[in-house]
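Coordinates from run_15.txt are shown below (compact mmCIF, C-alpha atoms and all ligand atoms).
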# COMPACT_ATOMS: atom_id res chain seq x y z
CA MET A 1 0.00 0.00 0.00
CA GLU A 2 1.20 3.53 -0.71
CA LEU A 3 1.42 6.09 2.09
CA HIS A 4 -1.35 8.28 0.67
CA GLU A 5 -3.75 5.29 0.64
CA LEU A 6 -3.71 4.98 4.43
CA PRO A 7 -6.86 5.93 6.32
CA THR A 8 -6.70 9.18 8.29
CA PRO A 9 -5.54 9.96 10.85
CA SER A 10 -2.66 7.45 10.78
CA PHE A 11 0.59 7.51 12.75
CA VAL A 12 3.42 7.07 10.25
CA VAL A 13 7.01 6.07 11.03
CA ASP A 14 9.69 6.70 8.39
CA LEU A 15 11.90 3.62 8.82
CA ALA A 16 15.03 5.13 7.24
CA VAL A 17 14.94 8.21 9.50
CA LEU A 18 14.15 6.08 12.58
CA GLU A 19 17.15 3.84 11.89
CA ARG A 20 19.38 6.85 11.29
CA ASN A 21 18.33 8.37 14.64
CA ILE A 22 18.95 5.06 16.42
CA ALA A 23 22.42 4.71 14.88
CA PHE A 24 23.22 8.34 15.73
CA MET A 25 22.47 7.88 19.45
CA LYS A 26 24.45 4.64 19.59
CA SER A 27 27.43 6.53 18.21
CA ARG A 28 26.89 9.38 20.72
CA ALA A 29 26.92 6.91 23.62
CA ARG A 30 30.08 5.27 22.27
CA ALA A 31 31.80 8.64 21.82
CA LEU A 32 30.83 9.71 25.35
CA GLY A 33 31.94 6.37 26.82
CA VAL A 34 28.60 5.46 28.46
CA ASN A 35 26.05 2.68 28.17
CA LEU A 36 22.87 3.57 26.25
CA ARG A 37 19.69 2.71 28.14
CA PRO A 38 16.98 4.07 25.80
CA HIS A 39 13.69 5.21 27.30
CA THR A 40 11.09 3.09 25.52
CA LYS A 41 8.11 5.19 26.63
CA THR A 42 8.45 7.17 23.38
CA HIS A 43 7.33 4.26 21.19
CA LYS A 44 6.48 1.27 23.45
CA THR A 45 7.17 -1.23 20.67
CA ARG A 46 9.32 -4.36 20.54
CA GLU A 47 10.48 -3.57 17.01
CA ILE A 48 12.05 -0.26 18.02
CA ALA A 49 13.38 -1.37 21.43
CA LEU A 50 15.21 -4.33 19.86
CA ARG A 51 16.78 -2.01 17.29
CA GLN A 52 17.88 0.43 20.03
CA VAL A 53 19.58 -1.92 22.48
CA ASP A 54 23.08 -3.26 22.07
CA ALA A 55 24.74 -6.18 23.83
CA THR A 56 23.79 -4.87 27.30
CA ARG A 57 20.10 -5.02 26.36
CA SER A 58 19.18 -2.40 28.96
CA ILE A 59 16.15 -0.14 28.75
CA THR A 60 14.16 2.44 30.70
CA VAL A 61 10.38 2.22 31.05
CA SER A 62 7.70 4.52 32.44
CA THR A 63 5.01 1.90 33.20
CA LEU A 64 5.00 -1.64 34.56
CA ALA A 65 2.98 -2.63 31.48
CA GLU A 66 6.06 -1.68 29.42
CA ALA A 67 8.33 -3.66 31.79
CA GLU A 68 6.15 -6.78 31.39
CA PHE A 69 5.94 -6.34 27.62
CA PHE A 70 9.69 -5.91 27.12
CA LEU A 71 10.58 -8.72 29.53
CA GLU A 72 8.51 -10.99 27.33
CA ALA A 73 10.57 -9.72 24.37
CA GLY A 74 13.73 -10.89 26.18
CA ILE A 75 14.96 -7.60 27.68
CA ARG A 76 15.69 -8.14 31.39
CA ASP A 77 17.74 -5.12 32.50
CA ILE A 78 15.07 -2.50 33.16
CA ILE A 79 14.82 0.76 35.12
CA TYR A 80 11.26 1.77 35.96
CA ALA A 81 11.96 5.50 35.95
CA VAL A 82 8.92 6.89 37.76
CA PRO A 83 8.96 7.08 41.59
CA ILE A 84 7.41 3.86 42.85
CA HIS A 85 3.88 3.85 44.26
CA PRO A 86 3.74 1.21 47.02
CA GLY A 87 0.55 -0.20 45.49
CA ARG A 88 2.67 -1.47 42.59
CA LEU A 89 5.06 -3.56 44.66
CA ASP A 90 3.23 -6.88 44.23
CA ARG A 91 3.55 -6.46 40.47
CA VAL A 92 7.21 -5.44 40.81
CA SER A 93 7.82 -8.64 42.83
CA ARG A 94 6.15 -10.72 40.12
CA LEU A 95 8.38 -9.13 37.47
CA ILE A 96 11.48 -9.94 39.55
CA SER A 97 10.31 -13.55 40.02
CA ALA A 98 9.76 -13.77 36.25
CA GLY A 99 13.43 -12.89 35.69
CA ALA A 100 13.51 -9.10 35.37
CA ASP A 101 16.58 -7.31 36.68
CA LEU A 102 14.29 -4.45 37.63
CA LYS A 103 15.44 -1.25 39.31
CA ILE A 104 12.88 1.03 40.95
CA LEU A 105 13.02 4.75 41.69
CA VAL A 106 12.79 6.20 45.20
CA ASP A 107 13.19 9.76 46.50
CA HIS A 108 11.62 9.67 49.99
CA PRO A 109 12.75 7.85 53.17
CA SER A 110 9.19 6.71 54.03
CA VAL A 111 9.16 4.48 50.95
CA LEU A 112 12.09 2.46 52.30
CA ASN A 113 9.94 1.17 55.22
CA MET A 114 7.28 -0.05 52.78
CA LEU A 115 9.90 -1.63 50.54
CA GLU A 116 11.47 -3.52 53.44
CA LEU A 117 8.11 -4.85 54.62
CA LYS A 118 7.09 -5.94 51.11
CA ALA A 119 10.48 -7.50 50.40
CA ALA A 120 10.21 -9.56 53.62
CA GLU A 121 6.62 -10.59 52.81
CA LYS A 122 7.51 -11.64 49.26
CA ARG A 123 10.95 -13.08 50.22
CA THR A 124 12.52 -10.93 47.55
CA ALA A 125 14.97 -8.02 47.28
CA PHE A 126 14.42 -4.65 45.63
CA LYS A 127 17.12 -2.80 43.69
CA ILE A 128 16.83 0.94 44.13
CA MET A 129 17.90 3.95 42.08
CA LEU A 130 17.85 7.10 44.19
CA LYS A 131 16.37 9.94 42.19
CA ILE A 132 18.24 13.24 42.14
CA ASP A 133 16.75 16.59 41.09
CA SER A 134 19.27 18.22 38.76
CA GLY A 135 17.15 21.36 38.30
CA TYR A 136 13.92 20.22 36.64
CA GLY A 137 12.00 20.43 39.92
CA ARG A 138 9.62 17.51 39.22
CA ALA A 139 10.93 14.76 41.51
CA GLY A 140 14.15 13.87 43.28
CA LEU A 141 16.42 14.69 46.17
CA PRO A 142 18.84 17.63 46.20
CA PRO A 143 22.20 16.47 44.79
CA GLY A 144 24.61 15.25 47.49
CA SER A 145 22.08 16.06 50.27
CA ASP A 146 22.05 14.57 53.77
CA THR A 147 18.72 12.85 53.05
CA LEU A 148 20.26 11.18 50.02
CA TYR A 149 23.22 10.09 52.13
CA ASP A 150 21.01 8.77 54.98
CA MET A 151 18.79 6.85 52.56
CA ALA A 152 21.76 5.34 50.72
CA LEU A 153 23.32 4.22 54.01
CA ARG A 154 20.06 2.66 55.14
CA ILE A 155 19.65 0.80 51.83
CA HIS A 156 23.27 -0.35 52.03
CA ARG A 157 22.73 -1.80 55.54
CA SER A 158 19.38 -3.38 54.73
CA GLY A 159 19.20 -7.13 54.18
CA ASN A 160 16.63 -7.00 51.40
CA LEU A 161 17.28 -3.67 49.66
CA GLY A 162 20.18 -2.89 47.35
CA LEU A 163 21.48 0.43 46.04
CA ALA A 164 21.83 0.18 42.25
CA GLY A 165 22.80 3.83 41.82
CA VAL A 166 21.69 7.42 41.39
CA LEU A 167 19.59 8.79 38.53
CA THR A 168 18.46 12.15 37.20
CA HIS A 169 16.50 13.51 34.24
CA ALA A 170 17.21 17.05 33.03
CA GLY A 171 13.68 17.84 31.85
CA HIS A 172 14.52 21.53 32.14
CA SER A 173 16.70 21.13 29.02
CA TYR A 174 13.39 21.56 27.15
CA GLN A 175 13.27 25.20 28.27
CA CYS A 176 16.54 26.01 26.49
CA THR A 177 16.64 28.07 23.32
CA ASP A 178 19.75 26.66 21.67
CA ALA A 179 22.57 24.14 21.80
CA SER A 180 24.81 26.17 24.10
CA GLY A 181 22.04 26.40 26.74
CA ILE A 182 21.47 22.64 26.46
CA ARG A 183 25.20 21.99 26.90
CA ALA A 184 25.12 23.95 30.16
CA VAL A 185 22.12 21.94 31.41
CA ALA A 186 23.88 18.70 30.41
CA GLU A 187 26.82 19.64 32.61
CA GLU A 188 24.47 20.51 35.50
CA GLU A 189 22.78 17.13 34.99
CA ARG A 190 26.13 15.30 35.01
CA LEU A 191 27.50 17.07 38.09
CA SER A 192 24.31 16.46 40.10
CA VAL A 193 24.69 12.68 39.94
CA VAL A 194 28.49 12.40 39.78
CA ARG A 195 28.86 14.48 42.97
CA SER A 196 26.06 12.54 44.67
CA ALA A 197 27.73 9.24 43.82
CA GLU A 198 31.10 10.56 45.04
CA ARG A 199 29.63 11.52 48.41
CA LEU A 200 28.16 8.04 48.86
CA ARG A 201 31.35 6.25 47.80
CA MET A 202 33.47 8.37 50.15
CA ALA A 203 31.24 7.14 52.98
CA GLY A 204 31.85 3.53 51.91
CA VAL A 205 28.50 3.05 50.16
CA PRO A 206 28.94 1.45 46.71
CA CYS A 207 27.06 3.34 43.98
CA PRO A 208 27.59 1.37 40.77
CA MET A 209 25.24 3.20 38.40
CA VAL A 210 25.29 6.91 37.61
CA SER A 211 22.43 7.54 35.19
CA VAL A 212 21.50 10.72 33.28
CA GLY A 213 19.20 11.33 30.39
CA SER A 214 17.06 13.47 28.20
CA SER A 215 17.27 13.68 24.42
CA PRO A 216 18.47 17.31 24.33
CA THR A 217 21.30 16.68 26.82
CA ALA A 218 22.22 13.33 25.23
CA VAL A 219 22.65 15.09 21.87
CA HIS A 220 24.62 18.07 23.18
CA ALA A 221 26.59 16.88 26.25
CA GLU A 222 30.30 17.52 25.75
CA ASN A 223 31.56 15.31 28.53
CA LEU A 224 29.97 12.56 30.63
CA ALA A 225 32.95 11.79 32.88
CA GLY A 226 31.79 9.82 35.92
CA VAL A 227 28.45 8.89 34.31
CA THR A 228 27.83 5.22 33.52
CA GLU A 229 24.76 5.46 31.27
CA MET A 230 22.33 7.79 29.50
CA ARG A 231 18.61 7.33 28.95
CA PRO A 232 17.30 9.43 26.03
CA GLY A 233 13.96 8.33 24.58
CA CYS A 234 12.49 10.90 22.26
CA TYR A 235 15.50 10.77 19.89
CA ALA A 236 14.18 7.64 18.16
CA PHE A 237 11.36 9.71 16.65
CA PHE A 238 12.28 13.35 17.33
CA ASP A 239 9.56 16.00 16.82
CA LYS A 240 8.87 19.68 16.33
CA PHE A 241 9.73 20.54 19.96
CA GLN A 242 13.17 18.97 19.58
CA SER A 243 13.86 20.68 16.26
CA ASP A 244 12.67 24.04 17.68
CA ILE A 245 15.13 23.91 20.60
CA GLY A 246 18.01 22.68 18.44
CA THR A 247 18.21 19.00 19.41
CA CYS A 248 17.73 17.90 15.80
CA SER A 249 16.87 19.30 12.38
CA PRO A 250 13.31 19.11 10.98
CA ASP A 251 14.56 16.37 8.61
CA ASP A 252 15.35 14.15 11.59
CA CYS A 253 11.66 13.83 12.57
CA ALA A 254 10.86 10.18 11.85
CA VAL A 255 7.15 10.41 12.60
CA SER A 256 4.16 12.25 11.22
CA VAL A 257 0.40 12.10 11.48
CA LEU A 258 -1.30 11.62 8.12
CA ALA A 259 -4.41 13.81 8.22
CA GLY A 260 -7.33 14.13 5.81
CA ILE A 261 -8.49 17.52 4.56
CA ILE A 262 -12.15 17.98 5.51
CA GLY A 263 -12.68 21.72 5.02
CA ILE A 264 -11.30 24.69 3.09
CA TYR A 265 -11.93 28.28 4.20
CA PRO A 266 -10.19 30.93 2.03
CA GLU A 267 -12.01 33.71 3.87
CA ARG A 268 -10.28 32.66 7.10
CA ASN A 269 -7.06 31.47 5.43
CA ARG A 270 -7.61 28.04 7.04
CA ILE A 271 -7.76 24.37 6.12
CA LEU A 272 -9.54 21.88 8.37
CA VAL A 273 -8.11 18.38 8.89
CA ASP A 274 -9.36 15.29 10.73
CA ALA A 275 -6.39 15.20 13.12
CA GLY A 276 -7.29 16.89 16.38
CA ALA A 277 -6.13 16.60 19.96
CA LEU A 278 -6.75 12.82 19.85
CA ALA A 279 -4.22 12.45 17.04
CA LEU A 280 -1.64 15.19 17.73
CA SER A 281 -2.13 15.73 21.50
CA LYS A 282 -2.55 19.19 22.96
CA ASP A 283 1.10 19.59 23.89
CA PRO A 284 1.79 23.27 23.19
CA GLY A 285 5.42 22.60 22.23
CA ALA A 286 8.27 25.04 22.76
CA VAL A 287 6.02 27.95 23.76
CA HIS A 288 9.02 29.95 24.97
CA LEU A 289 10.18 30.14 21.32
CA GLN A 290 6.89 30.58 19.49
CA GLN A 291 5.19 33.74 18.37
CA GLU A 292 2.04 31.88 17.38
CA LYS A 293 0.37 28.92 19.11
CA THR A 294 1.31 25.77 17.15
CA TYR A 295 0.27 22.12 17.56
CA GLY A 296 2.40 20.82 14.70
CA THR A 297 3.66 21.78 11.24
CA VAL A 298 3.01 20.32 7.81
CA LYS A 299 5.90 18.06 6.80
CA GLY A 300 8.10 19.78 4.22
CA ARG A 301 6.09 23.04 4.61
CA PRO A 302 7.15 24.61 7.93
CA ASP A 303 5.21 27.75 6.97
CA LEU A 304 1.97 25.74 7.40
CA TYR A 305 1.08 25.03 11.01
CA VAL A 306 -1.77 23.70 13.12
CA ALA A 307 -3.04 26.86 14.81
CA SER A 308 -6.04 25.51 16.64
CA ILE A 309 -7.14 22.11 17.78
CA SER A 310 -10.25 20.43 19.16
CA GLN A 311 -10.95 16.75 19.81
CA GLU A 312 -11.17 15.56 16.18
CA HIS A 313 -10.43 18.78 14.25
CA GLY A 314 -7.19 20.58 13.48
CA GLN A 315 -7.07 23.99 11.78
CA ILE A 316 -4.07 24.63 9.56
CA THR A 317 -3.03 28.12 8.56
CA SER A 318 0.00 30.21 7.59
CA SER A 319 1.19 33.72 8.25
CA ARG A 320 0.99 34.19 4.45
CA PRO A 321 -2.11 33.68 2.24
CA LEU A 322 -2.53 29.94 1.59
CA ASP A 323 -2.42 28.67 -1.97
CA PHE A 324 -5.90 27.18 -2.04
CA ASN A 325 -5.30 25.58 -5.47
CA ALA A 326 -2.87 23.21 -3.75
CA PHE A 327 -5.48 21.79 -1.34
CA ARG A 328 -8.76 20.00 -1.91
CA ILE A 329 -11.26 18.31 0.35
CA GLY A 330 -10.34 14.61 0.34
CA GLY A 331 -6.62 15.36 0.04
CA LYS A 332 -4.13 14.40 2.76
CA VAL A 333 -1.28 16.17 4.55
CA SER A 334 1.46 14.88 6.87
CA ILE A 335 1.83 16.76 10.16
CA ILE A 336 4.92 16.69 12.38
CA PRO A 337 3.60 16.67 15.96
CA ASN A 338 4.97 18.90 18.71
CA HIS A 339 5.60 15.95 21.02
CA CYS A 340 6.20 12.55 19.42
CA CYS A 341 5.73 10.50 22.61
CA LEU A 342 2.27 11.92 23.30
CA ALA A 343 1.10 11.72 19.66
CA ALA A 344 2.34 8.11 19.37
CA ALA A 345 0.50 7.19 22.57
CA LEU A 346 -2.82 8.15 20.94
CA PHE A 347 -2.62 5.46 18.24
CA PRO A 348 -3.23 1.70 18.57
CA GLU A 349 -0.71 0.97 15.80
CA TYR A 350 2.01 2.63 13.75
CA GLN A 351 2.34 2.44 9.96
CA VAL A 352 5.97 1.90 9.01
CA VAL A 353 6.89 3.43 5.69
CA GLU A 354 9.91 2.90 3.47
CA GLY A 355 10.27 4.57 0.06
CA GLY A 356 6.67 5.81 0.16
CA LEU A 357 5.29 2.28 0.75
CA VAL A 358 3.72 0.94 3.96
CA LYS A 359 5.96 -2.02 4.81
CA GLU A 360 4.85 -3.02 8.32
CA THR A 361 2.40 -2.25 11.11
CA TRP A 362 3.77 -2.15 14.66
CA LYS A 363 1.62 -2.49 17.77
CA PRO A 364 2.72 -0.65 20.93
CA VAL A 365 1.89 -1.74 24.47
CA ARG A 366 -0.76 0.43 26.12
CA GLY A 367 -2.04 1.06 29.64
CA TRP A 368 -0.18 1.13 32.91
C1 LIG A 401 13.12 9.77 34.02
C2 LIG A 401 13.28 10.01 32.56
N1 LIG A 401 14.39 9.58 31.94
C3 LIG A 401 14.59 9.77 30.62
C4 LIG A 401 13.64 10.42 29.85
C5 LIG A 401 13.88 10.61 28.37
O1 LIG A 401 14.00 11.94 27.99
P1 LIG A 401 13.59 12.44 26.52
O2 LIG A 401 12.12 12.27 26.40
O3 LIG A 401 14.03 13.86 26.47
O4 LIG A 401 14.33 11.60 25.56
C6 LIG A 401 12.46 10.90 30.47
C7 LIG A 401 11.45 11.61 29.70
O5 LIG A 401 10.50 12.15 30.18
C8 LIG A 401 12.28 10.68 31.86
O6 LIG A 401 11.17 11.09 32.49
Reformat the file's structure so that it appears as structure tokens.
Ligand SMILES: Cc1ncc(COP(=O)(O)O)c(C=O)c1O
Amino acid sequence: MELHELPTPSFVVDLAVLERNIAFMKSRARALGVNLRPHTKTHKTREIALRQVDATRSITVSTLAEAEFFLEAGIRDIIYAVPIHPGRLDRVSRLISAGADLKILVDHPSVLNMLELKAAEKRTAFKIMLKIDSGYGRAGLPPGSDTLYDMALRIHRSGNLGLAGVLTHAGHSYQCTDASGIRAVAEEERLSVVRSAERLRMAGVPCPMVSVGSSPTAVHAENLAGVTEMRPGCYAFFDKFQSDIGTCSPDDCAVSVLAGIIGIYPERNRILVDAGALALSKDPGAVHLQQEKTYGTVKGRPDLYVASISQEHGQITSSRPLDFNAFRIGGKVSIIPNHCCLAAALFPEYQVVEGGLVKETWKPVRGW
């Protein structure tokens, strides 16, 4: 089937660009001397995860559904990179019994009590990554803090808990405006975990893993001395947000949403398409860089953008008068979404395209 024959809206993956992005990040990790532990939340598919991992076969997940799905695909070394809710510990124990080398995220001392009780009840042991806040302000302990030190010591002395390492995510890299700003955040991200690990090691607490990761910092970091691994996710697809802040070029976006034209309004300089918030998401993108609100741009035509969005409708316009001879009701356009992870998550399957032809259909895991 040809791309333009697909029903709309469809989520389309350009295989050649995807594979180029995957190869690029492998070479970045090699050049920086760290293990690559891709975050699979971006795509949640076996086909992409198996292309991303190398001999270490290590991944990051954001749901236990992903952990179960990828364990079944043969990937055992998994970090569940969202602070653990104690209600999930039975499921975590089942994953460990099924063979997962699962590491969970903790950033509060009260969770350690619950982990010890559950580990004793289940006759298991939990491996813990202590979460550090490198400046994003979403979750995590202050780098090198006393609480971090006390928690690490307690884990180290516990019979059924083990300290796997320290981890941070520089989500604030998304607020940068260019590569030099991202480089500075990457260094902040690195220092936050390297210094935390040093404090623990000086106190005799082993801290084997030192984990950083966001796509912007993975692309622009100059030096990851002291870091053992990085966990970018978005880079497999890339999107408009990443190209706006300088993580990639627009040509590196491997995904698009194929949308059908359902209305033409010369008097308002607008075209209506059948891709709304349930196909593109309502992520506003890099608002700190935009003059106009944008929910995506037309592939190959960055002057055409989605200006307004409702559940099943998207309104495309331009700052210049549109050439209405070029568009007709029934036609189709490809839209690069602001945020690839959120747009992908709205589709039950992805259409994989090579040379203009749909070659495969990939099914992601869904739910939590
Ligand atoms: C904990 C954690 N690690 C890694 C990543 C991957 O970052 P990115 O989406 O910029 O590739 C995320 C993304 O949200 C994350 O939350």
Using only C-alpha atoms and all ligand atoms, find each protein or nucleic acid residue lying at most 7 Å from ligand LIG 401 (chain A); present the set as an mmCIF file with C-alpha atoms, keeping the file's coordinate frame.
data_model
loop_
_atom_site.group_PDB
_atom_site.id
_atom_site.type_symbol
_atom_site.label_atom_id
_atom_site.label_comp_id
_atom_site.auth_asym_id
_atom_site.auth_seq_id
_atom_site.Cartn_x
_atom_site.Cartn_y
_atom_site.Cartn_z
ATOM 1 C CA HIS A 39 13.690 5.210 27.300
ATOM 2 C CA THR A 42 8.450 7.170 23.380
ATOM 3 C CA ALA A 81 11.960 5.500 35.950
ATOM 4 C CA VAL A 82 8.920 6.890 37.760
ATOM 5 C CA THR A 168 18.460 12.150 37.200
ATOM 6 C CA HIS A 169 16.500 13.510 34.240
ATOM 7 C CA GLY A 171 13.680 17.840 31.850
ATOM 8 C CA GLY A 213 19.200 11.330 30.390
ATOM 9 C CA SER A 214 17.060 13.470 28.200
ATOM 10 C CA SER A 215 17.270 13.680 24.420
ATOM 11 C CA PRO A 216 18.470 17.310 24.330
ATOM 12 C CA ARG A 231 18.610 7.330 28.950
ATOM 13 C CA PRO A 232 17.300 9.430 26.030
ATOM 14 C CA GLY A 233 13.960 8.330 24.580
ATOM 15 C CA CYS A 234 12.490 10.900 22.260
ATOM 16 C CA TYR A 235 15.500 10.770 19.890
#
Measuring between only C-alpha atoms, which one of A:Ala179, A:Ala225, A:Leu357, A:Cys341 shows the shortest distance to A:Ile245?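 Counting only C-alpha atoms, the residue closest to A:Ile245 is A:Ala179.
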If we count only C-alpha atoms, what is near A:Gln311 at a cut-off of 12 Å, once residues fewer than 6 positions away on the same chain are taken out, given as a compact mmCIF listing (two decimals) with C-alpha atoms, keeping the file's coordinate frame?
# COMPACT_ATOMS: atom_id res chain seq x y z
CA VAL A 273 -8.11 18.38 8.89
CA ASP A 274 -9.36 15.29 10.73
CA ALA A 275 -6.39 15.20 13.12
CA GLY A 276 -7.29 16.89 16.38
CA ALA A 277 -6.13 16.60 19.96
CA LEU A 278 -6.75 12.82 19.85
CA ALA A 279 -4.22 12.45 17.04
CA LEU A 280 -1.64 15.19 17.73
CA SER A 281 -2.13 15.73 21.50
CA LYS A 282 -2.55 19.19 22.96
CA LEU A 346 -2.82 8.15 20.94
Mind checking which residues fall within 12 Å of A:Ala23, counting all atoms listed in the file, ignoring those fewer than 3 positions away in the same chain, and posting them as a PyMOL selection string? chain A and resi 16-20+26-30+36+48+51-54+235-236
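When the distance limit is 10 Å and all atoms listed in the file are what count, the residues near A:Met209, minus those fewer than 6 positions from it on the same chain, are A:Met129, A:Leu163, A:Ala164, A:Gly165, A:Val166, A:Leu167, A:Val193, A:Val194, A:Ala197, A:Gly226, A:Val227, A:Thr228, A:Glu229.
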Could you tell me how far atom CA of A:Arg37 lies from atom CA of A:Ala100, in Å and to one decimal?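 These two atoms are separated by 15.2 Å.
Nearest residue to A:Ser192, choosing from A:Pro208, A:Gly144, A:Gly246, A:Gly296 and counting all atoms listed in the file: A:Gly144.
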A:Tyr295 environment, 8 Å, only C-alpha atoms, sequence neighbours closer than 2 positions dropped, as a compact mmCIF listing (two decimals) with C-alpha atoms, in the frame of the given file:
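Here's the written file part-v3.txt:
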# COMPACT_ATOMS: atom_id res chain seq x y z
CA LEU A 280 -1.64 15.19 17.73
CA SER A 281 -2.13 15.73 21.50
CA LYS A 282 -2.55 19.19 22.96
CA ASP A 283 1.10 19.59 23.89
CA PRO A 284 1.79 23.27 23.19
CA GLY A 285 5.42 22.60 22.23
CA LYS A 293 0.37 28.92 19.11
CA THR A 297 3.66 21.78 11.24
CA TYR A 305 1.08 25.03 11.01
CA VAL A 306 -1.77 23.70 13.12
CA ALA A 307 -3.04 26.86 14.81
CA SER A 308 -6.04 25.51 16.64
CA ILE A 309 -7.14 22.11 17.78
CA PRO A 337 3.60 16.67 15.96
CA ASN A 338 4.97 18.90 18.71
Which residue is closest to A:Met230? Choose from A:Arg183, A:Arg190, A:His108, A:Arg320 and count only C-alpha atoms.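 Looking only at the distances to A:Met230, the closest residue turns out to be A:Arg190.
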Spatial neighbours of A:His156, 10 Å, only C-alpha atoms, chain gap at least 4 places, as a PyMOL selection string: chain A and resi 150-152+160-164+204-207
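Between atom CA of A:Gly260 and atom CA of A:Gly330 the separation is 6.3 Å.
Using only C-alpha atoms, the smallest distance between any of A:Ile75, A:Leu105, A:Ala218, A:Ala345 and A:Leu89 comes from A:Leu105.
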Nearest candidate to A:Asp101 (options A:Leu32, A:Ile59, A:Ile264, A:Met114; using all atoms listed in the file):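 Ranked by minimum distance to A:Asp101, first place goes to A:Ile59.
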One decimal, Å: what's the distance from atom CA of A:Val106 over to atom CA of A:Ala55, could you say? 27.4 Å
Kindly provide, as a PDB file with C-alpha atoms, in the frame of the given file, the polymer residues lying within 10 Å of (14.2, 9.7, 1.4), counting only C-alpha atoms and using the coordinates exactly as they appear in the file.
ATOM      1  CA  ASP A  14       9.690   6.700   8.390  1.00  0.00           C
ATOM      2  CA  LEU A  15      11.900   3.620   8.820  1.00  0.00           C
ATOM      3  CA  ALA A  16      15.030   5.130   7.240  1.00  0.00           C
ATOM      4  CA  VAL A  17      14.940   8.210   9.500  1.00  0.00           C
ATOM      5  CA  ASP A 251      14.560  16.370   8.610  1.00  0.00           C
ATOM      6  CA  GLU A 354       9.910   2.900   3.470  1.00  0.00           C
ATOM      7  CA  GLY A 355      10.270   4.570   0.060  1.00  0.00           C
ATOM      8  CA  GLY A 356       6.670   5.810   0.160  1.00  0.00           C
TER       9      GLY A 356
END
Nearest to A:Phe11, restricted to all atoms listed in the file and choosing among A:Ala326, A:Leu130, A:Val257, A:Ile335, comes out as A:Val257
Could you rebuild stretch 223-234 of chain A with N, CA, C and O atoms and give me the result as a PDB file, in the coordinates of the input?
ATOM      1  N   ASN A 223      30.709  16.152  27.699  1.00  0.00           N
ATOM      2  CA  ASN A 223      31.560  15.310  28.530  1.00  0.00           C
ATOM      3  C   ASN A 223      30.660  14.604  29.544  1.00  0.00           C
ATOM      4  O   ASN A 223      29.849  15.253  30.205  1.00  0.00           O
ATOM      5  N   LEU A 224      30.771  13.279  29.625  1.00  0.00           N
ATOM      6  CA  LEU A 224      29.970  12.560  30.630  1.00  0.00           C
ATOM      7  C   LEU A 224      30.899  11.822  31.599  1.00  0.00           C
ATOM      8  O   LEU A 224      30.572  10.705  32.040  1.00  0.00           O
ATOM      9  N   ALA A 225      32.006  12.435  31.946  1.00  0.00           N
ATOM     10  CA  ALA A 225      32.950  11.790  32.880  1.00  0.00           C
ATOM     11  C   ALA A 225      32.233  11.466  34.193  1.00  0.00           C
ATOM     12  O   ALA A 225      31.531  12.308  34.750  1.00  0.00           O
ATOM     13  N   GLY A 226      32.397  10.240  34.656  1.00  0.00           N
ATOM     14  CA  GLY A 226      31.790   9.820  35.920  1.00  0.00           C
ATOM     15  C   GLY A 226      30.395   9.238  35.765  1.00  0.00           C
ATOM     16  O   GLY A 226      29.860   8.615  36.665  1.00  0.00           O
ATOM     17  N   VAL A 227      29.796   9.435  34.585  1.00  0.00           N
ATOM     18  CA  VAL A 227      28.450   8.890  34.310  1.00  0.00           C
ATOM     19  C   VAL A 227      28.613   7.493  33.728  1.00  0.00           C
ATOM     20  O   VAL A 227      29.557   7.249  32.957  1.00  0.00           O
ATOM     21  N   THR A 228      27.716   6.569  34.072  1.00  0.00           N
ATOM     22  CA  THR A 228      27.830   5.220  33.520  1.00  0.00           C
ATOM     23  C   THR A 228      26.856   4.963  32.360  1.00  0.00           C
ATOM     24  O   THR A 228      27.077   4.076  31.544  1.00  0.00           O
ATOM     25  N   GLU A 229      25.749   5.732  32.334  1.00  0.00           N
ATOM     26  CA  GLU A 229      24.760   5.460  31.270  1.00  0.00           C
ATOM     27  C   GLU A 229      23.916   6.695  31.001  1.00  0.00           C
ATOM     28  O   GLU A 229      23.783   7.577  31.837  1.00  0.00           O
ATOM     29  N   MET A 230      23.316   6.733  29.782  1.00  0.00           N
ATOM     30  CA  MET A 230      22.330   7.790  29.500  1.00  0.00           C
ATOM     31  C   MET A 230      21.041   7.170  28.961  1.00  0.00           C
ATOM     32  O   MET A 230      21.059   6.106  28.359  1.00  0.00           O
ATOM     33  N   ARG A 231      19.931   7.898  29.210  1.00  0.00           N
ATOM     34  CA  ARG A 231      18.610   7.330  28.950  1.00  0.00           C
ATOM     35  C   ARG A 231      17.732   8.208  28.052  1.00  0.00           C
ATOM     36  O   ARG A 231      16.589   8.490  28.402  1.00  0.00           O
ATOM     37  N   PRO A 232      18.196   8.651  26.897  1.00  0.00           N
ATOM     38  CA  PRO A 232      17.300   9.430  26.030  1.00  0.00           C
ATOM     39  C   PRO A 232      16.191   8.527  25.472  1.00  0.00           C
ATOM     40  O   PRO A 232      16.374   7.314  25.356  1.00  0.00           O
ATOM     41  N   GLY A 233      15.053   9.129  25.134  1.00  0.00           N
ATOM     42  CA  GLY A 233      13.960   8.330  24.580  1.00  0.00           C
ATOM     43  C   GLY A 233      13.439   8.916  23.277  1.00  0.00           C
ATOM     44  O   GLY A 233      13.334   8.247  22.243  1.00  0.00           O
ATOM     45  N   CYS A 234      13.142  10.203  23.350  1.00  0.00           N
ATOM     46  CA  CYS A 234      12.490  10.900  22.260  1.00  0.00           C
ATOM     47  C   CYS A 234      13.299  10.854  20.948  1.00  0.00           C
ATOM     48  O   CYS A 234      12.741  10.930  19.852  1.00  0.00           O
TER      49      CYS A 234
END
